[in-house]
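Colleague: The structure that follows is given in the form of structure tokens.
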Protein chains: 2
Amino acid sequence: MTSLLDNIKDNADLLEQMSKVMVTKTVKKGTLLQKKYDENSKVYFVKKGCLRSYTIDDKEKEHIFMFAPEGWIISDIESQVNNAPTELYIDAIEDSEIEIMPRGNADELFFAKEMVDNIGISRLMKRISVLQRRVIMLMSATALQRYNDFLEMYPNIVQRVPQKMIASYLGITPEALSKIRGQLAKPKK
Amino acid sequence: MTSLLDNIKDNADLLEQMSKVMVTKTVKKGTLLQKKYDENSKVYFVKKGCLRSYTIDDKEKEHIFMFAPEGWIISDIESQVNNAPTELYIDAIEDSEIEIMPRGNADELFFAKEMVDNIGISRLMKRISVLQRRVIMLMSATALQRYNDFLEMYPNIVQRVPQKMIASYLGITPEALSKIRGQLAKPKK
DNA sequence: CGAGCGCTTGATTGAGTTCAAAAATCGTGG
DNA sequence: CCACGATTTTTGAACTCAATCAAGCGCTCG
């Protein structure tokens with residue numbers, strides 16, 4: 001898929017409407033797209049590259065909520081649902097090409113029936129299923145188990161992303177992840 | 001809302017179809033509705049009482065994934081999405097009255113357009129937003145912070161549910177929760 | 001080529017677990 | 001309605017996994 005609009009190419013009306021509000025943008029690695037407390041929470045579709053969303057806690061520590069490589073949609077759904085200021089930071093961790101859908105339009109158009117029928121429901125349900133698994137993991141699994149699970153689920157992301165970000169996604173420190181990998185490397189003796 | 005079908009009462013066709021497959025049931029506290037590896041994952045709407053879903057890890061420890069009091073829908077979405085055996089146990093923690101929608105029907109009917117338009121999308125998005133918050137909490141907050149967050153989010157559930165289950169939801173041991181509450185009770189000195 | 005960032009490694013600390021046992025509460029039958 | 005056994009909650013001590021703090025190595029990119 002090269003554009004989010006591919007999903008609705010058989011609906012000329014909606015397609016035209018959407019095209020009007022959708023912005024395609026090329027951003028360099030490190031570009032901050034949205035930060036906490038922003039009022040205008042947006043929806044981002046990644047055509048190329050990789051984005052991430054994350055929080056920063058009171059100790060200035062980052063916690064990565066999700067990675068979004070090609071073909072993924074990323075946004076702060078909590079703020080969309082509650083029509084509230086953003087909780088999440090979103091930035092590019094690679095040079096990326098993205099489609100941006102402004103809030104408001106997201107409400108009215110993105111979740112328009114046709115859009116939803118084509119991409120909404122199944123994406124939303126997949127998202128829930130991923131989150132379900134993640135919550136269970138965070139509650140019941142050790143750091144090692146979570147790392148192995150991540151390797152299985154996202155083998156392609158592992159190589160693209162610095163270790164400290166994977167640690168951040170797993171909910172552990174970079175040091176802890178380094179030690180785990182150290183163990184895995186030499187299980188001999 | 002007294003029935004899930006209230007959502008589609010203006011669509012006679014769908015309503016009739018749904019009524020045919022939907023089963024209303026009264027279950028006693030403690031009744032197990034679905035266990036891990038069950039093939040026929042179902043969707044439950046709670047009319048009265050309270051259900052919960054949970055996993056049991058390799059150390060026989062329960063981890064509560066969610067509580068579902070009156071008006072809530074509970075199911076193992078991961079298994080629904082992937083058409084896979086159940087991951088979650090679901091049981092009644094109070095005497096309850098529920099509506100059960102069999103799998104398959106859930107795929108075809110519950111997520112039929114009309115149903116979705118009325119209840120699906122917004123419920124799914126709310127669910128995601130709750131999970132988003134939960135993941136962030138599990139990654140960045142201490143047990144105390146998570147407990148306070150739970151008190152705010154679900155003040156009505158707290159009194160209905162034994163402490164050990166709240167501990168299980170928070171991802172800590174009953175002992176730890178007891179100690180936290182001990183601290184909160186006497187911040188005097 | 002140097003400065004800074006990312007990764008590793010080690011020593012110390014701490015939040016929460018585990019284990020155990022007592023105190024409080026619940027629920028069920030007489 | 002009370003009593004008694006079972007379950008839940010509390011409390012305490014010892015332990016553990018991962019966090020924190022600190023120091024050193026190796027890149028890379030500016």
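Naming works like this for the structure tokens: A, B, ... for the chains as they're shown, residue 1 at the start of each chain, ligands 1 onward in shown order.
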Write out as a PyMOL selection string which residues come within 10 Å of stretch 2-19 of chain C when counting only C-alpha atoms (C1' of nucleotides), dropping same-chain ones fewer than 4 positions away.
Modeller: (chain A and resi 162-164+174-175+178-179+182) or (chain B and resi 142-143+172-173+175-177) or (chain D and resi 13-28+30)
Colleague: Just need chain A moved onto chain B: least-squares over all Cα atoms matched in order, then output as a PDB file with C-alpha atoms, in the first residue's frame.
Modeller:
```
ATOM      1  CA  MET A   1     -29.066  -0.309  28.375  1.00  0.00           C
ATOM      2  CA  THR A   2     -30.712  -3.577  29.176  1.00  0.00           C
ATOM      3  CA  SER A   3     -29.814  -5.502  26.061  1.00  0.00           C
ATOM      4  CA  LEU A   4     -27.129  -5.338  23.472  1.00  0.00           C
ATOM      5  CA  LEU A   5     -29.866  -5.399  20.893  1.00  0.00           C
ATOM      6  CA  ASP A   6     -31.090  -1.991  21.992  1.00  0.00           C
ATOM      7  CA  ASN A   7     -28.343  -0.662  19.808  1.00  0.00           C
ATOM      8  CA  ILE A   8     -29.990  -1.883  16.654  1.00  0.00           C
ATOM      9  CA  LYS A   9     -33.653  -1.606  17.501  1.00  0.00           C
ATOM     10  CA  ASP A  10     -34.216   0.578  14.433  1.00  0.00           C
ATOM     11  CA  ASN A  11     -33.047  -2.158  12.079  1.00  0.00           C
ATOM     12  CA  ALA A  12     -35.686  -4.870  12.111  1.00  0.00           C
ATOM     13  CA  ASP A  13     -33.837  -7.300   9.866  1.00  0.00           C
ATOM     14  CA  LEU A  14     -30.603  -7.284  11.765  1.00  0.00           C
ATOM     15  CA  LEU A  15     -32.462  -7.322  15.037  1.00  0.00           C
ATOM     16  CA  GLU A  16     -34.285 -10.479  14.061  1.00  0.00           C
ATOM     17  CA  GLN A  17     -31.128 -12.178  12.877  1.00  0.00           C
ATOM     18  CA  MET A  18     -29.258 -11.272  16.026  1.00  0.00           C
ATOM     19  CA  SER A  19     -32.060 -12.336  18.312  1.00  0.00           C
ATOM     20  CA  LYS A  20     -31.922 -15.782  16.808  1.00  0.00           C
ATOM     21  CA  VAL A  21     -28.299 -16.422  17.754  1.00  0.00           C
ATOM     22  CA  MET A  22     -28.123 -14.482  20.969  1.00  0.00           C
ATOM     23  CA  VAL A  23     -28.536 -16.381  24.210  1.00  0.00           C
ATOM     24  CA  THR A  24     -29.458 -14.807  27.520  1.00  0.00           C
ATOM     25  CA  LYS A  25     -28.200 -16.638  30.553  1.00  0.00           C
ATOM     26  CA  THR A  26     -28.179 -16.271  34.316  1.00  0.00           C
ATOM     27  CA  VAL A  27     -24.984 -17.456  35.952  1.00  0.00           C
ATOM     28  CA  LYS A  28     -23.941 -17.787  39.559  1.00  0.00           C
ATOM     29  CA  LYS A  29     -20.861 -16.172  41.025  1.00  0.00           C
ATOM     30  CA  GLY A  30     -17.856 -18.273  40.174  1.00  0.00           C
ATOM     31  CA  THR A  31     -19.218 -19.754  36.966  1.00  0.00           C
ATOM     32  CA  LEU A  32     -16.466 -20.287  34.412  1.00  0.00           C
ATOM     33  CA  LEU A  33     -17.725 -19.219  30.999  1.00  0.00           C
ATOM     34  CA  GLN A  34     -14.669 -19.810  28.916  1.00  0.00           C
ATOM     35  CA  LYS A  35     -11.189 -21.130  29.553  1.00  0.00           C
ATOM     36  CA  LYS A  36      -7.845 -20.972  27.820  1.00  0.00           C
ATOM     37  CA  TYR A  37      -7.569 -23.000  24.634  1.00  0.00           C
ATOM     38  CA  ASP A  38     -11.325 -23.109  24.137  1.00  0.00           C
ATOM     39  CA  GLU A  39     -11.990 -23.173  20.435  1.00  0.00           C
ATOM     40  CA  ASN A  40     -15.259 -21.301  20.548  1.00  0.00           C
ATOM     41  CA  SER A  41     -14.355 -17.879  21.789  1.00  0.00           C
ATOM     42  CA  LYS A  42     -17.514 -15.861  22.494  1.00  0.00           C
ATOM     43  CA  VAL A  43     -18.614 -12.300  23.084  1.00  0.00           C
ATOM     44  CA  TYR A  44     -20.403 -11.532  26.353  1.00  0.00           C
ATOM     45  CA  PHE A  45     -22.599  -8.555  27.119  1.00  0.00           C
ATOM     46  CA  VAL A  46     -23.209  -8.016  30.834  1.00  0.00           C
ATOM     47  CA  LYS A  47     -26.778  -7.032  31.681  1.00  0.00           C
ATOM     48  CA  LYS A  48     -26.351  -7.401  35.422  1.00  0.00           C
ATOM     49  CA  GLY A  49     -23.518  -8.442  37.697  1.00  0.00           C
ATOM     50  CA  CYS A  50     -19.837  -8.530  36.787  1.00  0.00           C
ATOM     51  CA  LEU A  51     -17.521 -10.708  34.727  1.00  0.00           C
ATOM     52  CA  ARG A  52     -13.758 -10.726  34.459  1.00  0.00           C
ATOM     53  CA  SER A  53     -11.206 -12.019  31.979  1.00  0.00           C
ATOM     54  CA  TYR A  54      -7.791 -13.239  33.026  1.00  0.00           C
ATOM     55  CA  THR A  55      -4.777 -15.373  32.191  1.00  0.00           C
ATOM     56  CA  ILE A  56      -3.012 -17.908  34.344  1.00  0.00           C
ATOM     57  CA  ASP A  57       0.751 -17.981  33.986  1.00  0.00           C
ATOM     58  CA  ASP A  58       3.170 -20.881  34.313  1.00  0.00           C
ATOM     59  CA  LYS A  59       3.384 -20.276  38.070  1.00  0.00           C
ATOM     60  CA  GLU A  60      -0.395 -20.721  38.364  1.00  0.00           C
ATOM     61  CA  LYS A  61      -0.793 -17.015  39.006  1.00  0.00           C
ATOM     62  CA  GLU A  62      -3.870 -15.186  37.756  1.00  0.00           C
ATOM     63  CA  HIS A  63      -3.554 -11.885  35.908  1.00  0.00           C
ATOM     64  CA  ILE A  64      -6.820 -10.035  35.440  1.00  0.00           C
ATOM     65  CA  PHE A  65      -7.112  -8.403  32.056  1.00  0.00           C
ATOM     66  CA  MET A  66     -10.389  -6.606  32.587  1.00  0.00           C
ATOM     67  CA  PHE A  67     -13.520  -6.306  34.687  1.00  0.00           C
ATOM     68  CA  ALA A  68     -16.905  -6.035  32.975  1.00  0.00           C
ATOM     69  CA  PRO A  69     -19.746  -4.666  35.098  1.00  0.00           C
ATOM     70  CA  GLU A  70     -23.238  -3.842  33.778  1.00  0.00           C
ATOM     71  CA  GLY A  71     -23.355  -2.572  30.226  1.00  0.00           C
ATOM     72  CA  TRP A  72     -19.876  -3.760  29.296  1.00  0.00           C
ATOM     73  CA  ILE A  73     -18.842  -6.159  26.597  1.00  0.00           C
ATOM     74  CA  ILE A  74     -16.129  -8.664  27.344  1.00  0.00           C
ATOM     75  CA  SER A  75     -14.401 -11.144  25.079  1.00  0.00           C
ATOM     76  CA  ASP A  76     -11.015 -12.359  23.980  1.00  0.00           C
ATOM     77  CA  ILE A  77     -10.517 -10.052  21.026  1.00  0.00           C
ATOM     78  CA  GLU A  78      -7.096 -11.478  20.262  1.00  0.00           C
ATOM     79  CA  SER A  79      -8.571 -14.903  19.634  1.00  0.00           C
ATOM     80  CA  GLN A  80     -11.455 -13.351  17.680  1.00  0.00           C
ATOM     81  CA  VAL A  81      -9.089 -11.425  15.428  1.00  0.00           C
ATOM     82  CA  ASN A  82      -6.720 -14.279  14.805  1.00  0.00           C
ATOM     83  CA  ASN A  83      -9.454 -16.875  14.760  1.00  0.00           C
ATOM     84  CA  ALA A  84      -7.373 -18.740  17.272  1.00  0.00           C
ATOM     85  CA  PRO A  85      -8.091 -20.645  20.481  1.00  0.00           C
ATOM     86  CA  THR A  86      -8.774 -18.553  23.544  1.00  0.00           C
ATOM     87  CA  GLU A  87      -5.993 -17.007  25.583  1.00  0.00           C
ATOM     88  CA  LEU A  88      -8.230 -15.728  28.322  1.00  0.00           C
ATOM     89  CA  TYR A  89     -10.380 -17.273  30.998  1.00  0.00           C
ATOM     90  CA  ILE A  90     -13.691 -15.533  31.579  1.00  0.00           C
ATOM     91  CA  ASP A  91     -15.834 -16.074  34.665  1.00  0.00           C
ATOM     92  CA  ALA A  92     -18.509 -14.391  36.772  1.00  0.00           C
ATOM     93  CA  ILE A  93     -17.359 -12.695  39.956  1.00  0.00           C
ATOM     94  CA  GLU A  94     -20.952 -11.882  40.933  1.00  0.00           C
ATOM     95  CA  ASP A  95     -24.269 -13.539  40.172  1.00  0.00           C
ATOM     96  CA  SER A  96     -24.811 -12.199  36.679  1.00  0.00           C
ATOM     97  CA  GLU A  97     -27.186 -11.971  33.788  1.00  0.00           C
ATOM     98  CA  ILE A  98     -25.483 -12.006  30.425  1.00  0.00           C
ATOM     99  CA  GLU A  99     -26.094 -12.119  26.707  1.00  0.00           C
ATOM    100  CA  ILE A 100     -23.846 -14.482  24.822  1.00  0.00           C
ATOM    101  CA  MET A 101     -22.994 -14.192  21.178  1.00  0.00           C
ATOM    102  CA  PRO A 102     -21.316 -17.243  19.676  1.00  0.00           C
ATOM    103  CA  ARG A 103     -18.131 -16.841  17.630  1.00  0.00           C
ATOM    104  CA  GLY A 104     -18.741 -16.832  13.919  1.00  0.00           C
ATOM    105  CA  ASN A 105     -21.880 -14.918  14.542  1.00  0.00           C
ATOM    106  CA  ALA A 106     -19.695 -12.408  16.221  1.00  0.00           C
ATOM    107  CA  ASP A 107     -17.648 -12.119  13.071  1.00  0.00           C
ATOM    108  CA  GLU A 108     -20.562 -11.908  10.712  1.00  0.00           C
ATOM    109  CA  LEU A 109     -23.175 -10.130  12.722  1.00  0.00           C
ATOM    110  CA  PHE A 110     -21.650  -8.304  15.596  1.00  0.00           C
ATOM    111  CA  PHE A 111     -19.319  -6.569  13.250  1.00  0.00           C
ATOM    112  CA  ALA A 112     -21.939  -6.110  10.595  1.00  0.00           C
ATOM    113  CA  LYS A 113     -21.984  -2.564   9.392  1.00  0.00           C
ATOM    114  CA  GLU A 114     -25.098  -1.504  11.253  1.00  0.00           C
ATOM    115  CA  MET A 115     -23.913  -2.953  14.506  1.00  0.00           C
ATOM    116  CA  VAL A 116     -20.561  -1.365  14.096  1.00  0.00           C
ATOM    117  CA  ASP A 117     -21.973   1.999  13.243  1.00  0.00           C
ATOM    118  CA  ASN A 118     -24.019   2.011  16.375  1.00  0.00           C
ATOM    119  CA  ILE A 119     -21.751   0.525  18.949  1.00  0.00           C
ATOM    120  CA  GLY A 120     -18.651  -0.999  17.415  1.00  0.00           C
ATOM    121  CA  ILE A 121     -16.286   1.762  16.490  1.00  0.00           C
ATOM    122  CA  SER A 122     -16.676   3.949  19.504  1.00  0.00           C
ATOM    123  CA  ARG A 123     -16.472   1.006  21.853  1.00  0.00           C
ATOM    124  CA  LEU A 124     -13.397  -0.311  20.106  1.00  0.00           C
ATOM    125  CA  MET A 125     -11.728   3.065  20.237  1.00  0.00           C
ATOM    126  CA  LYS A 126     -12.559   3.557  23.885  1.00  0.00           C
ATOM    127  CA  ARG A 127     -11.151   0.137  24.556  1.00  0.00           C
ATOM    128  CA  ILE A 128      -7.926   1.064  22.791  1.00  0.00           C
ATOM    129  CA  SER A 129      -7.677   4.267  24.723  1.00  0.00           C
ATOM    130  CA  VAL A 130      -8.074   2.396  27.996  1.00  0.00           C
ATOM    131  CA  LEU A 131      -5.450  -0.111  26.955  1.00  0.00           C
ATOM    132  CA  GLN A 132      -3.119   2.654  25.834  1.00  0.00           C
ATOM    133  CA  ARG A 133      -3.334   4.194  29.267  1.00  0.00           C
ATOM    134  CA  ARG A 134      -2.873   0.844  30.933  1.00  0.00           C
ATOM    135  CA  VAL A 135       0.262   0.006  28.968  1.00  0.00           C
ATOM    136  CA  ILE A 136       1.782   3.385  29.758  1.00  0.00           C
ATOM    137  CA  MET A 137       0.905   2.915  33.416  1.00  0.00           C
ATOM    138  CA  LEU A 138       2.429  -0.542  33.548  1.00  0.00           C
ATOM    139  CA  MET A 139       5.613   0.747  31.966  1.00  0.00           C
ATOM    140  CA  SER A 140       6.132   3.963  33.846  1.00  0.00           C
ATOM    141  CA  ALA A 141       4.189   4.058  37.091  1.00  0.00           C
ATOM    142  CA  THR A 142       4.889   2.572  40.504  1.00  0.00           C
ATOM    143  CA  ALA A 143       2.397   0.237  42.162  1.00  0.00           C
ATOM    144  CA  LEU A 144       1.093   3.129  44.248  1.00  0.00           C
ATOM    145  CA  GLN A 145       0.522   5.354  41.233  1.00  0.00           C
ATOM    146  CA  ARG A 146      -1.261   2.536  39.428  1.00  0.00           C
ATOM    147  CA  TYR A 147      -3.519   1.937  42.402  1.00  0.00           C
ATOM    148  CA  ASN A 148      -4.450   5.602  42.617  1.00  0.00           C
ATOM    149  CA  ASP A 149      -5.132   5.670  38.906  1.00  0.00           C
ATOM    150  CA  PHE A 150      -7.384   2.642  39.266  1.00  0.00           C
ATOM    151  CA  LEU A 151      -9.296   4.276  42.113  1.00  0.00           C
ATOM    152  CA  GLU A 152      -9.954   7.288  39.901  1.00  0.00           C
ATOM    153  CA  MET A 153     -10.891   5.345  36.803  1.00  0.00           C
ATOM    154  CA  TYR A 154     -13.084   2.705  38.462  1.00  0.00           C
ATOM    155  CA  PRO A 155     -14.304   4.062  41.791  1.00  0.00           C
ATOM    156  CA  ASN A 156     -17.435   1.930  41.514  1.00  0.00           C
ATOM    157  CA  ILE A 157     -15.624  -1.317  40.850  1.00  0.00           C
ATOM    158  CA  VAL A 158     -13.287  -1.022  43.816  1.00  0.00           C
ATOM    159  CA  GLN A 159     -15.966  -1.766  46.375  1.00  0.00           C
ATOM    160  CA  ARG A 160     -17.461  -4.666  44.483  1.00  0.00           C
ATOM    161  CA  VAL A 161     -14.290  -6.606  43.921  1.00  0.00           C
ATOM    162  CA  PRO A 162     -12.008  -8.371  46.426  1.00  0.00           C
ATOM    163  CA  GLN A 163      -8.647  -6.718  46.921  1.00  0.00           C
ATOM    164  CA  LYS A 164      -6.673  -9.608  45.620  1.00  0.00           C
ATOM    165  CA  MET A 165      -8.400  -9.189  42.273  1.00  0.00           C
ATOM    166  CA  ILE A 166      -7.556  -5.516  42.151  1.00  0.00           C
ATOM    167  CA  ALA A 167      -3.963  -6.440  42.905  1.00  0.00           C
ATOM    168  CA  SER A 168      -4.121  -8.929  40.078  1.00  0.00           C
ATOM    169  CA  TYR A 169      -5.443  -6.253  37.726  1.00  0.00           C
ATOM    170  CA  LEU A 170      -2.695  -3.850  38.769  1.00  0.00           C
ATOM    171  CA  GLY A 171      -0.025  -6.465  38.174  1.00  0.00           C
ATOM    172  CA  ILE A 172       1.108  -6.727  41.784  1.00  0.00           C
ATOM    173  CA  THR A 173       0.660  -9.261  44.592  1.00  0.00           C
ATOM    174  CA  PRO A 174      -2.147  -9.002  47.166  1.00  0.00           C
ATOM    175  CA  GLU A 175       0.512  -8.522  49.845  1.00  0.00           C
ATOM    176  CA  ALA A 176       1.978  -5.558  48.017  1.00  0.00           C
ATOM    177  CA  LEU A 177      -1.430  -3.936  47.629  1.00  0.00           C
ATOM    178  CA  SER A 178      -2.194  -4.499  51.279  1.00  0.00           C
ATOM    179  CA  LYS A 179       1.025  -2.723  52.231  1.00  0.00           C
ATOM    180  CA  ILE A 180       0.270   0.181  49.908  1.00  0.00           C
ATOM    181  CA  ARG A 181      -3.157   0.576  51.452  1.00  0.00           C
ATOM    182  CA  GLY A 182      -1.562   0.393  54.856  1.00  0.00           C
ATOM    183  CA  GLN A 183       0.650   3.338  53.936  1.00  0.00           C
ATOM    184  CA  LEU A 184      -2.255   5.348  52.552  1.00  0.00           C
ATOM    185  CA  ALA A 185      -4.323   4.768  55.682  1.00  0.00           C
ATOM    186  CA  LYS A 186      -1.813   6.348  58.043  1.00  0.00           C
ATOM    187  CA  PRO A 187       0.169   9.050  56.319  1.00  0.00           C
ATOM    188  CA  LYS A 188       0.094  10.893  59.655  1.00  0.00           C
ATOM    189  CA  LYS A 189       3.219  11.426  61.772  1.00  0.00           C
TER     190      LYS A 189
END
```
Colleague: Residues of chain D within 10 Å of chain B, counting only C-alpha atoms (C1' of nucleotides), what are they? List them as a compact mmCIF listing (two decimals) with C-alpha atoms (C1' of nucleotides), in the first residue's frame.
Modeller:
```
# COMPACT_ATOMS: atom_id res chain seq x y z
C1' DT D 8 -9.08 -12.77 52.41
C1' DT D 9 -6.26 -9.35 54.33
C1' DT D 10 -2.53 -7.92 57.07
C1' DT D 11 2.12 -8.00 58.84
```
Colleague: Per DSSP on the backbone, what are the helix (DSSP H, G or I) residues of stretch 1-177 of chain B, as a PyMOL selection string?
Modeller: chain B and resi 4-8+12-21+77-82+105-110+113-140+143-153+155-158+163-170+174-177
Colleague: Save the residues we just selected, C-alpha atoms, as a short mmCIF file (atom, residue, chain, number, x, y, z; two decimals), in the first residue's frame?
Modeller:
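Result file follows (result34.cif):
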```cif
data_model
loop_
_atom_site.label_atom_id
_atom_site.label_comp_id
_atom_site.auth_asym_id
_atom_site.auth_seq_id
_atom_site.Cartn_x
_atom_site.Cartn_y
_atom_site.Cartn_z
CA LEU B 4 -27.11 -5.34 23.51
CA LEU B 5 -29.88 -5.39 20.92
CA ASP B 6 -31.08 -1.98 22.06
CA ASN B 7 -28.33 -0.64 19.86
CA ILE B 8 -29.99 -1.83 16.70
CA ALA B 12 -35.71 -4.80 12.16
CA ASP B 13 -33.88 -7.22 9.89
CA LEU B 14 -30.64 -7.21 11.78
CA LEU B 15 -32.48 -7.26 15.06
CA GLU B 16 -34.32 -10.41 14.08
CA GLN B 17 -31.16 -12.10 12.87
CA MET B 18 -29.30 -11.23 16.04
CA SER B 19 -32.11 -12.30 18.33
CA LYS B 20 -31.96 -15.75 16.82
CA VAL B 21 -28.33 -16.37 17.76
CA ILE B 77 -10.51 -10.06 21.02
CA GLU B 78 -7.10 -11.50 20.24
CA SER B 79 -8.58 -14.91 19.62
CA GLN B 80 -11.46 -13.34 17.68
CA VAL B 81 -9.12 -11.42 15.41
CA ASN B 82 -6.76 -14.28 14.77
CA ASN B 105 -21.93 -14.95 14.57
CA ALA B 106 -19.71 -12.43 16.21
CA ASP B 107 -17.68 -12.23 13.04
CA GLU B 108 -20.61 -12.02 10.71
CA LEU B 109 -23.20 -10.15 12.68
CA PHE B 110 -21.71 -8.29 15.56
CA LYS B 113 -21.97 -2.63 9.37
CA GLU B 114 -25.09 -1.58 11.20
CA MET B 115 -23.95 -3.03 14.46
CA VAL B 116 -20.57 -1.47 14.11
CA ASP B 117 -21.96 1.92 13.25
CA ASN B 118 -24.05 1.93 16.36
CA ILE B 119 -21.77 0.48 18.95
CA GLY B 120 -18.65 -0.99 17.39
CA ILE B 121 -16.28 1.81 16.49
CA SER B 122 -16.69 3.97 19.51
CA ARG B 123 -16.47 1.01 21.85
CA LEU B 124 -13.39 -0.30 20.09
CA MET B 125 -11.71 3.07 20.22
CA LYS B 126 -12.55 3.54 23.88
CA ARG B 127 -11.14 0.12 24.53
CA ILE B 128 -7.91 1.06 22.77
CA SER B 129 -7.66 4.26 24.71
CA VAL B 130 -8.06 2.38 27.98
CA LEU B 131 -5.43 -0.12 26.92
CA GLN B 132 -3.10 2.65 25.80
CA ARG B 133 -3.30 4.18 29.23
CA ARG B 134 -2.85 0.82 30.89
CA VAL B 135 0.29 -0.01 28.93
CA ILE B 136 1.81 3.36 29.73
CA MET B 137 0.93 2.89 33.39
CA LEU B 138 2.44 -0.58 33.52
CA MET B 139 5.63 0.70 31.92
CA SER B 140 6.17 3.90 33.79
CA ALA B 143 2.39 0.24 42.11
CA LEU B 144 1.11 3.15 44.20
CA GLN B 145 0.54 5.36 41.17
CA ARG B 146 -1.25 2.54 39.37
CA TYR B 147 -3.50 1.96 42.35
CA ASN B 148 -4.43 5.62 42.55
CA ASP B 149 -5.12 5.65 38.84
CA PHE B 150 -7.37 2.63 39.22
CA LEU B 151 -9.27 4.29 42.07
CA GLU B 152 -9.93 7.29 39.84
CA MET B 153 -10.86 5.32 36.75
CA PRO B 155 -14.27 4.06 41.74
CA ASN B 156 -17.40 1.93 41.48
CA ILE B 157 -15.59 -1.32 40.83
CA VAL B 158 -13.26 -1.00 43.80
CA GLN B 163 -8.59 -6.68 46.89
CA LYS B 164 -6.62 -9.59 45.60
CA MET B 165 -8.35 -9.19 42.25
CA ILE B 166 -7.50 -5.51 42.12
CA ALA B 167 -3.91 -6.44 42.89
CA SER B 168 -4.06 -8.94 40.07
CA TYR B 169 -5.38 -6.26 37.71
CA LEU B 170 -2.62 -3.88 38.75
CA PRO B 174 -2.12 -8.97 47.18
CA GLU B 175 0.53 -8.48 49.85
CA ALA B 176 2.00 -5.51 48.03
CA LEU B 177 -1.42 -3.90 47.60
#
```
Colleague: Any idea what the distance is between atom C1' of C:DC26 and atom C1' of D:DG12?
Modeller: 24.9 Å
Colleague: Mind the document's chain letters and residue numbers, and return as a ChimeraX atom specification the residues of stretch 16-188 of chain B that DSSP labels strand (DSSP E).
Modeller: /B:23-27,32-34,43-48,50-56,62-69,73-75,89-92,96-101
